$ cat start28.cif   # mmCIF, N, CA and C atoms
data_entry
loop_
_atom_site.group_PDB
_atom_site.id
_atom_site.type_symbol
_atom_site.label_atom_id
_atom_site.label_comp_id
_atom_site.auth_asym_id
_atom_site.auth_seq_id
_atom_site.Cartn_x
_atom_site.Cartn_y
_atom_site.Cartn_z
ATOM 1 N N ILE A 1 0.853 -1.175 0.000
ATOM 2 C CA ILE A 1 0.000 0.000 0.000
ATOM 3 C C ILE A 1 0.895 1.232 0.000
ATOM 4 N N LYS A 2 0.697 2.097 -0.955
ATOM 5 C CA LYS A 2 1.437 3.362 -0.981
ATOM 6 C C LYS A 2 0.861 4.302 0.074
ATOM 7 N N SER A 3 -0.328 4.787 -0.145
ATOM 8 C CA SER A 3 -0.953 5.657 0.851
ATOM 9 C C SER A 3 -2.467 5.486 0.802
ATOM 10 N N CYS A 4 -3.077 5.714 1.948
ATOM 11 C CA CYS A 4 -4.524 5.616 2.075
ATOM 12 C C CYS A 4 -5.020 6.841 2.818
ATOM 13 N N ALA A 5 -6.262 7.201 2.534
ATOM 14 C CA ALA A 5 -6.863 8.349 3.199
ATOM 15 C C ALA A 5 -8.343 8.098 3.401
ATOM 16 N N VAL A 6 -8.872 8.704 4.452
ATOM 17 C CA VAL A 6 -10.307 8.643 4.715
ATOM 18 C C VAL A 6 -10.720 9.952 5.374
ATOM 19 N N CYS A 7 -11.873 10.455 4.965
ATOM 20 C CA CYS A 7 -12.440 11.605 5.677
ATOM 21 C C CYS A 7 -13.643 11.086 6.456
ATOM 22 N N THR A 8 -13.702 11.473 7.698
ATOM 23 C CA THR A 8 -14.752 10.997 8.586
ATOM 24 C C THR A 8 -16.030 11.811 8.382
ATOM 25 N N SER A 9 -17.122 11.351 8.957
ATOM 26 C CA SER A 9 -18.410 12.042 8.800
ATOM 27 C C SER A 9 -18.378 13.448 9.409
ATOM 28 N N ASP A 10 -17.465 13.686 10.349
ATOM 29 C CA ASP A 10 -17.354 15.030 10.918
ATOM 30 C C ASP A 10 -16.282 15.875 10.231
ATOM 31 N N GLY A 11 -15.731 15.374 9.107
ATOM 32 C CA GLY A 11 -14.839 16.170 8.281
ATOM 33 C C GLY A 11 -13.369 16.117 8.598
ATOM 34 N N HIS A 12 -12.951 15.198 9.451
ATOM 35 C CA HIS A 12 -11.526 15.047 9.733
ATOM 36 C C HIS A 12 -10.888 14.131 8.693
ATOM 37 N N LEU A 13 -9.629 14.393 8.388
ATOM 38 C CA LEU A 13 -8.902 13.612 7.400
ATOM 39 C C LEU A 13 -7.815 12.796 8.074
ATOM 40 N N TYR A 14 -7.818 11.499 7.800
ATOM 41 C CA TYR A 14 -6.793 10.593 8.332
ATOM 42 C C TYR A 14 -6.026 9.984 7.167
ATOM 43 N N MET A 15 -4.704 9.848 7.343
ATOM 44 C CA MET A 15 -3.819 9.282 6.327
ATOM 45 C C MET A 15 -3.000 8.161 6.954
ATOM 46 N N TRP A 16 -2.604 7.199 6.118
ATOM 47 C CA TRP A 16 -1.674 6.160 6.563
ATOM 48 C C TRP A 16 -1.058 5.498 5.350
ATOM 49 N N GLY A 17 0.010 4.741 5.582
ATOM 50 C CA GLY A 17 0.707 4.034 4.515
ATOM 51 C C GLY A 17 2.130 4.529 4.353
ATOM 52 N N ASP A 18 2.626 4.444 3.135
ATOM 53 C CA ASP A 18 3.987 4.846 2.803
ATOM 54 C C ASP A 18 3.938 6.231 2.172
ATOM 55 N N GLY A 19 4.630 7.168 2.760
ATOM 56 C CA GLY A 19 4.631 8.541 2.250
ATOM 57 C C GLY A 19 5.997 8.970 1.770
ATOM 58 N N GLU A 20 6.651 8.142 0.965
ATOM 59 C CA GLU A 20 8.019 8.451 0.547
ATOM 60 C C GLU A 20 8.135 9.777 -0.190
ATOM 61 N N LYS A 21 7.068 10.242 -0.798
ATOM 62 C CA LYS A 21 7.074 11.534 -1.510
ATOM 63 C C LYS A 21 6.252 12.576 -0.755
ATOM 64 N N LEU A 22 6.099 12.356 0.557
ATOM 65 C CA LEU A 22 5.365 13.261 1.452
ATOM 66 C C LEU A 22 3.878 13.349 1.139
ATOM 67 N N GLN A 23 3.342 12.350 0.439
ATOM 68 C CA GLN A 23 1.917 12.359 0.092
ATOM 69 C C GLN A 23 1.004 12.092 1.276
ATOM 70 N N LEU A 24 1.554 11.718 2.429
ATOM 71 C CA LEU A 24 0.722 11.550 3.616
ATOM 72 C C LEU A 24 0.435 12.883 4.294
ATOM 73 N N GLY A 25 1.225 13.899 3.981
ATOM 74 C CA GLY A 25 1.012 15.205 4.581
ATOM 75 C C GLY A 25 1.378 15.264 6.046
ATOM 76 N N LEU A 26 2.192 14.336 6.495
ATOM 77 C CA LEU A 26 2.550 14.253 7.909
ATOM 78 C C LEU A 26 3.874 14.926 8.221
ATOM 79 N N GLY A 27 4.510 15.530 7.220
ATOM 80 C CA GLY A 27 5.772 16.222 7.433
ATOM 81 C C GLY A 27 6.965 15.353 7.093
ATOM 82 N N GLU A 28 8.090 16.020 6.988
ATOM 83 C CA GLU A 28 9.348 15.373 6.597
ATOM 84 C C GLU A 28 9.770 14.296 7.589
ATOM 85 N N SER A 29 9.496 14.500 8.872
ATOM 86 C CA SER A 29 9.975 13.565 9.887
ATOM 87 C C SER A 29 9.117 12.304 10.000
ATOM 88 N N ARG A 30 7.940 12.295 9.391
ATOM 89 C CA ARG A 30 7.059 11.122 9.497
ATOM 90 C C ARG A 30 6.593 10.714 8.109
ATOM 91 N N ARG A 31 7.364 9.866 7.469
ATOM 92 C CA ARG A 31 7.069 9.453 6.100
ATOM 93 C C ARG A 31 6.300 8.150 6.025
ATOM 94 N N GLN A 32 6.008 7.541 7.171
ATOM 95 C CA GLN A 32 5.265 6.284 7.189
ATOM 96 C C GLN A 32 4.368 6.237 8.405
ATOM 97 N N SER A 33 3.221 5.622 8.227
ATOM 98 C CA SER A 33 2.319 5.399 9.347
ATOM 99 C C SER A 33 1.547 4.121 9.064
ATOM 100 N N SER A 34 1.616 3.178 9.977
ATOM 101 C CA SER A 34 0.918 1.901 9.772
ATOM 102 C C SER A 34 -0.533 1.961 10.242
ATOM 103 N N SER A 35 -0.894 3.031 10.927
ATOM 104 C CA SER A 35 -2.281 3.190 11.361
ATOM 105 C C SER A 35 -2.753 4.615 11.010
ATOM 106 N N PRO A 36 -4.051 4.823 10.901
ATOM 107 C CA PRO A 36 -4.574 6.148 10.537
ATOM 108 C C PRO A 36 -4.072 7.241 11.479
ATOM 109 N N TYR A 37 -3.666 8.350 10.895
ATOM 110 C CA TYR A 37 -3.087 9.468 11.617
ATOM 111 C C TYR A 37 -3.826 10.740 11.206
ATOM 112 N N LEU A 38 -4.316 11.511 12.161
ATOM 113 C CA LEU A 38 -5.042 12.739 11.871
ATOM 114 C C LEU A 38 -4.123 13.739 11.183
ATOM 115 N N LEU A 39 -4.560 14.258 10.063
ATOM 116 C CA LEU A 39 -3.792 15.269 9.337
ATOM 117 C C LEU A 39 -4.061 16.611 10.013
ATOM 118 N N THR A 40 -3.174 16.981 10.921
ATOM 119 C CA THR A 40 -3.394 18.162 11.757
ATOM 120 C C THR A 40 -3.349 19.467 10.961
ATOM 121 N N ALA A 41 -2.687 19.494 9.824
ATOM 122 C CA ALA A 41 -2.621 20.714 9.017
ATOM 123 C C ALA A 41 -4.007 21.149 8.546
ATOM 124 N N LEU A 42 -4.932 20.206 8.427
ATOM 125 C CA LEU A 42 -6.290 20.521 7.965
ATOM 126 C C LEU A 42 -7.348 20.297 9.045
ATOM 127 N N ARG A 43 -6.944 20.210 10.285
ATOM 128 C CA ARG A 43 -7.887 19.893 11.368
ATOM 129 C C ARG A 43 -8.971 20.951 11.553
ATOM 130 N N ASP A 44 -8.710 22.198 11.108
ATOM 131 C CA ASP A 44 -9.710 23.255 11.232
ATOM 132 C C ASP A 44 -10.619 23.350 10.015
ATOM 133 N N LYS A 45 -10.421 22.462 9.043
ATOM 134 C CA LYS A 45 -11.242 22.421 7.833
ATOM 135 C C LYS A 45 -12.185 21.234 7.906
ATOM 136 N N VAL A 46 -13.315 21.333 7.258
ATOM 137 C CA VAL A 46 -14.239 20.200 7.134
ATOM 138 C C VAL A 46 -13.974 19.595 5.761
ATOM 139 N N ILE A 47 -13.335 18.434 5.751
ATOM 140 C CA ILE A 47 -12.964 17.777 4.503
ATOM 141 C C ILE A 47 -14.112 16.863 4.069
ATOM 142 N N SER A 48 -14.537 17.050 2.823
ATOM 143 C CA SER A 48 -15.666 16.256 2.335
ATOM 144 C C SER A 48 -15.251 15.166 1.356
ATOM 145 N N GLN A 49 -14.105 15.340 0.679
ATOM 146 C CA GLN A 49 -13.626 14.328 -0.265
ATOM 147 C C GLN A 49 -12.101 14.300 -0.247
ATOM 148 N N VAL A 50 -11.561 13.136 -0.550
ATOM 149 C CA VAL A 50 -10.108 12.983 -0.638
ATOM 150 C C VAL A 50 -9.789 11.980 -1.738
ATOM 151 N N ALA A 51 -8.681 12.198 -2.422
ATOM 152 C CA ALA A 51 -8.238 11.286 -3.482
ATOM 153 C C ALA A 51 -6.727 11.137 -3.400
ATOM 154 N N CYS A 52 -6.269 9.884 -3.512
ATOM 155 C CA CYS A 52 -4.839 9.599 -3.474
ATOM 156 C C CYS A 52 -4.352 9.235 -4.869
ATOM 157 N N GLY A 53 -3.292 9.899 -5.297
ATOM 158 C CA GLY A 53 -2.592 9.509 -6.515
ATOM 159 C C GLY A 53 -1.422 8.639 -6.122
ATOM 160 N N ARG A 54 -0.565 8.341 -7.069
ATOM 161 C CA ARG A 54 0.577 7.487 -6.748
ATOM 162 C C ARG A 54 1.505 8.149 -5.731
ATOM 163 N N PHE A 55 1.807 9.433 -5.934
ATOM 164 C CA PHE A 55 2.707 10.142 -5.031
ATOM 165 C C PHE A 55 2.150 11.497 -4.611
ATOM 166 N N HIS A 56 0.843 11.673 -4.654
ATOM 167 C CA HIS A 56 0.242 12.941 -4.229
ATOM 168 C C HIS A 56 -1.159 12.677 -3.682
ATOM 169 N N THR A 57 -1.680 13.664 -2.978
ATOM 170 C CA THR A 57 -3.011 13.568 -2.389
ATOM 171 C C THR A 57 -3.739 14.891 -2.607
ATOM 172 N N LEU A 58 -5.034 14.809 -2.850
ATOM 173 C CA LEU A 58 -5.890 15.986 -3.004
ATOM 174 C C LEU A 58 -7.055 15.873 -2.033
ATOM 175 N N ALA A 59 -7.420 16.986 -1.429
ATOM 176 C CA ALA A 59 -8.570 17.008 -0.519
ATOM 177 C C ALA A 59 -9.452 18.199 -0.867
ATOM 178 N N LEU A 60 -10.741 18.006 -0.731
ATOM 179 C CA LEU A 60 -11.721 19.048 -0.998
ATOM 180 C C LEU A 60 -12.476 19.340 0.291
ATOM 181 N N SER A 61 -12.541 20.610 0.656
ATOM 182 C CA SER A 61 -13.265 20.986 1.874
ATOM 183 C C SER A 61 -14.727 21.229 1.555
ATOM 184 N N ALA A 62 -15.539 21.285 2.599
ATOM 185 C CA ALA A 62 -16.964 21.568 2.445
ATOM 186 C C ALA A 62 -17.176 22.965 1.860
ATOM 187 N N ASN A 63 -16.199 23.853 2.032
ATOM 188 C CA ASN A 63 -16.261 25.208 1.466
ATOM 189 C C ASN A 63 -15.698 25.270 0.052
ATOM 190 N N ARG A 64 -15.445 24.107 -0.557
ATOM 191 C CA ARG A 64 -14.949 23.985 -1.941
ATOM 192 C C ARG A 64 -13.499 24.438 -2.096
ATOM 193 N N GLU A 65 -12.709 24.411 -1.023
ATOM 194 C CA GLU A 65 -11.282 24.689 -1.101
ATOM 195 C C GLU A 65 -10.582 23.389 -1.486
ATOM 196 N N VAL A 66 -9.575 23.490 -2.347
ATOM 197 C CA VAL A 66 -8.808 22.324 -2.763
ATOM 198 C C VAL A 66 -7.417 22.415 -2.147
ATOM 199 N N PHE A 67 -6.987 21.311 -1.547
ATOM 200 C CA PHE A 67 -5.655 21.217 -0.948
ATOM 201 C C PHE A 67 -4.917 20.066 -1.627
ATOM 202 N N SER A 68 -3.633 20.250 -1.884
ATOM 203 C CA SER A 68 -2.844 19.187 -2.512
ATOM 204 C C SER A 68 -1.458 19.162 -1.898
ATOM 205 N N TRP A 69 -0.858 17.963 -1.852
ATOM 206 C CA TRP A 69 0.486 17.812 -1.311
ATOM 207 C C TRP A 69 1.090 16.535 -1.851
ATOM 208 N N GLY A 70 2.410 16.436 -1.700
ATOM 209 C CA GLY A 70 3.153 15.281 -2.195
ATOM 210 C C GLY A 70 4.081 15.686 -3.322
ATOM 211 N N ALA A 71 4.378 14.740 -4.215
ATOM 212 C CA ALA A 71 5.287 14.986 -5.333
ATOM 213 C C ALA A 71 4.586 15.788 -6.421
ATOM 214 N N ASN A 72 5.362 16.564 -7.121
ATOM 215 C CA ASN A 72 4.833 17.363 -8.224
ATOM 216 C C ASN A 72 5.706 17.142 -9.457
ATOM 217 N N ASP A 73 6.202 15.928 -9.627
ATOM 218 C CA ASP A 73 7.135 15.609 -10.714
ATOM 219 C C ASP A 73 6.539 15.834 -12.096
ATOM 220 N N HIS A 74 5.221 15.691 -12.220
ATOM 221 C CA HIS A 74 4.555 15.832 -13.527
ATOM 222 C C HIS A 74 3.451 16.880 -13.473
ATOM 223 N N ASP A 75 3.659 17.914 -12.652
ATOM 224 C CA ASP A 75 2.712 19.016 -12.487
ATOM 225 C C ASP A 75 1.331 18.573 -12.030
ATOM 226 N N GLN A 76 1.252 17.488 -11.260
ATOM 227 C CA GLN A 76 -0.034 16.990 -10.790
ATOM 228 C C GLN A 76 -0.614 17.842 -9.659
ATOM 229 N N LEU A 77 0.200 18.673 -9.046
ATOM 230 C CA LEU A 77 -0.316 19.524 -7.982
ATOM 231 C C LEU A 77 -0.717 20.873 -8.549
#

$ encode --input "start28.cif" --output "structure tokens"
Amino acid sequence: IKSCAVCTSDGHLYMWGDGEKLQLGLGESRRQSSSPYLLTALRDKVISQVACGRFHTLALSANREVFSWGANDHDQL
């Protein structure tokens, strides 16, 4: 598993898996997580959708804001 994400019914975003290209959004010091980890950078946002690419992640807030992180090798961000 490269990376996984889930947004909860109350709008929190959790990530886990292998984040070798920082696609977990957990920072440089935490590139792997074997269990779901709250993405604190977006804890004040209500996340309604999330999508994982091979080395990047996109999240959509209830206010229609788009957030992206991870690798940008092919301008995917």

$ closest_residue --input "start28.cif" --among "A:Leu38, A:Leu77, A:Ile47, A:Leu26" --to "A:Gly11" --atoms "only C-alpha atoms"
A:Ile47

$ atom_distance --input "start28.cif" --atom1 "atom C of A:Arg31" --atom2 "atom C of A:Gln76"
19.7 Å

$ atom_distance --input "start28.cif" --atom1 "atom CA of A:Val6" --atom2 "atom CA of A:Gly53"
13.7 Å

$ closest_residue --input "start28.cif" --among "A:Ser3, A:Leu42, A:Asp73, A:Ser9" --to "A:Thr57" --atoms "only C-alpha atoms"
A:Ser3

$ closest_residue --input "start28.cif" --among "A:Arg54, A:Ser61, A:Leu22, A:Cys4" --to "A:Ser35" --atoms "only C-alpha atoms"
A:Cys4

$ atom_distance --input "start28.cif" --atom1 "atom CA of A:Tyr37" --atom2 "atom CA of A:Gly17"
9.7 Å

$ residues_around --input "start28.cif" --residues "A:Pro36" --least-positions-apart "3" --cutoff "6 Å" --atoms "all atoms listed in the file" --output "PDB file with N, CA and C atoms, in the coordinates of the input"
ATOM      1  N   TYR A  14      -7.818  11.499   7.800  1.00  0.00           N
ATOM      2  CA  TYR A  14      -6.793  10.593   8.332  1.00  0.00           C
ATOM      3  C   TYR A  14      -6.026   9.984   7.167  1.00  0.00           C
ATOM      4  N   MET A  15      -4.704   9.848   7.343  1.00  0.00           N
ATOM      5  CA  MET A  15      -3.819   9.282   6.327  1.00  0.00           C
ATOM      6  C   MET A  15      -3.000   8.161   6.954  1.00  0.00           C
ATOM      7  N   TRP A  16      -2.604   7.199   6.118  1.00  0.00           N
ATOM      8  CA  TRP A  16      -1.674   6.160   6.563  1.00  0.00           C
ATOM      9  C   TRP A  16      -1.058   5.498   5.350  1.00  0.00           C
ATOM     10  N   SER A  33       3.221   5.622   8.227  1.00  0.00           N
ATOM     11  CA  SER A  33       2.319   5.399   9.347  1.00  0.00           C
ATOM     12  C   SER A  33       1.547   4.121   9.064  1.00  0.00           C
TER      13      SER A  33
END

$ closest_residue --input "start28.cif" --among "A:Cys7, A:Gly70, A:Phe55, A:Gln32" --to "A:Gly19" --atoms "all atoms listed in the file"
A:Gln32

$ axis_aligned_box --input "start28.cif" --around "stretch 24-28 of chain A" --padding-each-side "8 Å" --output "JSON"
{"center_x": 5.1, "center_y": 13.9, "center_z": 5.3, "size_x": 25.3, "size_y": 20.7, "size_z": 21.8}

$ closest_residue --input "start28.cif" --among "A:His12, A:Ala41, A:Asp75, A:Gln23" --to "A:His56" --atoms "only N, CA and C atoms"
A:Gln23

$ select_by_dssp --input "start28.cif" --residues "chain A" --states "strand (DSSP E)" --output "PyMOL selection string"
chain A and resi 3-7+13-18+32-38+47-52+56-61+66-70

$ residues_around --input "start28.cif" --residues "A:Gln49" --least-positions-apart "2" --cutoff "5 Å" --atoms "all atoms listed in the file" --output "list in words"
Ile47, Ala51, Ala59 and Leu60 of chain A

$ residues_near_point --input "start28.cif" --point "(-18.9, 25.3, 2.4)" --cutoff "10 Å" --atoms "only C-alpha atoms" --output "PyMOL selection string"
chain A and resi 45-48+61-65

$ decode --input "start28.cif" --residues "stretch 13-56 of chain A" --atoms "N, CA and C atoms" --output "short mmCIF file (atom, residue, chain, number, x, y, z; two decimals), in the first residue's frame"
data_model
loop_
_atom_site.label_atom_id
_atom_site.label_comp_id
_atom_site.auth_asym_id
_atom_site.auth_seq_id
_atom_site.Cartn_x
_atom_site.Cartn_y
_atom_site.Cartn_z
N LEU A 13 -9.63 14.39 8.39
CA LEU A 13 -8.90 13.61 7.40
C LEU A 13 -7.81 12.80 8.07
N TYR A 14 -7.82 11.50 7.80
CA TYR A 14 -6.79 10.59 8.33
C TYR A 14 -6.03 9.98 7.17
N MET A 15 -4.70 9.85 7.34
CA MET A 15 -3.82 9.28 6.33
C MET A 15 -3.00 8.16 6.95
N TRP A 16 -2.60 7.20 6.12
CA TRP A 16 -1.67 6.16 6.56
C TRP A 16 -1.06 5.50 5.35
N GLY A 17 0.01 4.74 5.58
CA GLY A 17 0.71 4.03 4.52
C GLY A 17 2.13 4.53 4.35
N ASP A 18 2.63 4.44 3.13
CA ASP A 18 3.99 4.85 2.80
C ASP A 18 3.94 6.23 2.17
N GLY A 19 4.63 7.17 2.76
CA GLY A 19 4.63 8.54 2.25
C GLY A 19 6.00 8.97 1.77
N GLU A 20 6.65 8.14 0.97
CA GLU A 20 8.02 8.45 0.55
C GLU A 20 8.13 9.78 -0.19
N LYS A 21 7.07 10.24 -0.80
CA LYS A 21 7.07 11.53 -1.51
C LYS A 21 6.25 12.58 -0.75
N LEU A 22 6.10 12.36 0.56
CA LEU A 22 5.37 13.26 1.45
C LEU A 22 3.88 13.35 1.14
N GLN A 23 3.34 12.35 0.44
CA GLN A 23 1.92 12.36 0.09
C GLN A 23 1.00 12.09 1.28
N LEU A 24 1.55 11.72 2.43
CA LEU A 24 0.72 11.55 3.62
C LEU A 24 0.43 12.88 4.29
N GLY A 25 1.22 13.90 3.98
CA GLY A 25 1.01 15.21 4.58
C GLY A 25 1.38 15.26 6.05
N LEU A 26 2.19 14.34 6.50
CA LEU A 26 2.55 14.25 7.91
C LEU A 26 3.87 14.93 8.22
N GLY A 27 4.51 15.53 7.22
CA GLY A 27 5.77 16.22 7.43
C GLY A 27 6.96 15.35 7.09
N GLU A 28 8.09 16.02 6.99
CA GLU A 28 9.35 15.37 6.60
C GLU A 28 9.77 14.30 7.59
N SER A 29 9.50 14.50 8.87
CA SER A 29 9.97 13.56 9.89
C SER A 29 9.12 12.30 10.00
N ARG A 30 7.94 12.29 9.39
CA ARG A 30 7.06 11.12 9.50
C ARG A 30 6.59 10.71 8.11
N ARG A 31 7.36 9.87 7.47
CA ARG A 31 7.07 9.45 6.10
C ARG A 31 6.30 8.15 6.03
N GLN A 32 6.01 7.54 7.17
CA GLN A 32 5.26 6.28 7.19
C GLN A 32 4.37 6.24 8.40
N SER A 33 3.22 5.62 8.23
CA SER A 33 2.32 5.40 9.35
C SER A 33 1.55 4.12 9.06
N SER A 34 1.62 3.18 9.98
CA SER A 34 0.92 1.90 9.77
C SER A 34 -0.53 1.96 10.24
N SER A 35 -0.89 3.03 10.93
CA SER A 35 -2.28 3.19 11.36
C SER A 35 -2.75 4.61 11.01
N PRO A 36 -4.05 4.82 10.90
CA PRO A 36 -4.57 6.15 10.54
C PRO A 36 -4.07 7.24 11.48
N TYR A 37 -3.67 8.35 10.90
CA TYR A 37 -3.09 9.47 11.62
C TYR A 37 -3.83 10.74 11.21
N LEU A 38 -4.32 11.51 12.16
CA LEU A 38 -5.04 12.74 11.87
C LEU A 38 -4.12 13.74 11.18
N LEU A 39 -4.56 14.26 10.06
CA LEU A 39 -3.79 15.27 9.34
C LEU A 39 -4.06 16.61 10.01
N THR A 40 -3.17 16.98 10.92
CA THR A 40 -3.39 18.16 11.76
C THR A 40 -3.35 19.47 10.96
N ALA A 41 -2.69 19.49 9.82
CA ALA A 41 -2.62 20.71 9.02
C ALA A 41 -4.01 21.15 8.55
N LEU A 42 -4.93 20.21 8.43
CA LEU A 42 -6.29 20.52 7.97
C LEU A 42 -7.35 20.30 9.04
N ARG A 43 -6.94 20.21 10.28
CA ARG A 43 -7.89 19.89 11.37
C ARG A 43 -8.97 20.95 11.55
N ASP A 44 -8.71 22.20 11.11
CA ASP A 44 -9.71 23.26 11.23
C ASP A 44 -10.62 23.35 10.01
N LYS A 45 -10.42 22.46 9.04
CA LYS A 45 -11.24 22.42 7.83
C LYS A 45 -12.18 21.23 7.91
N VAL A 46 -13.32 21.33 7.26
CA VAL A 46 -14.24 20.20 7.13
C VAL A 46 -13.97 19.60 5.76
N ILE A 47 -13.34 18.43 5.75
CA ILE A 47 -12.96 17.78 4.50
C ILE A 47 -14.11 16.86 4.07
N SER A 48 -14.54 17.05 2.82
CA SER A 48 -15.67 16.26 2.34
C SER A 48 -15.25 15.17 1.36
N GLN A 49 -14.11 15.34 0.68
CA GLN A 49 -13.63 14.33 -0.27
C GLN A 49 -12.10 14.30 -0.25
N VAL A 50 -11.56 13.14 -0.55
CA VAL A 50 -10.11 12.98 -0.64
C VAL A 50 -9.79 11.98 -1.74
N ALA A 51 -8.68 12.20 -2.42
CA ALA A 51 -8.24 11.29 -3.48
C ALA A 51 -6.73 11.14 -3.40
N CYS A 52 -6.27 9.88 -3.51
CA CYS A 52 -4.84 9.60 -3.47
C CYS A 52 -4.35 9.23 -4.87
N GLY A 53 -3.29 9.90 -5.30
CA GLY A 53 -2.59 9.51 -6.52
C GLY A 53 -1.42 8.64 -6.12
N ARG A 54 -0.57 8.34 -7.07
CA ARG A 54 0.58 7.49 -6.75
C ARG A 54 1.50 8.15 -5.73
N PHE A 55 1.81 9.43 -5.93
CA PHE A 55 2.71 10.14 -5.03
C PHE A 55 2.15 11.50 -4.61
N HIS A 56 0.84 11.67 -4.65
CA HIS A 56 0.24 12.94 -4.23
C HIS A 56 -1.16 12.68 -3.68
#
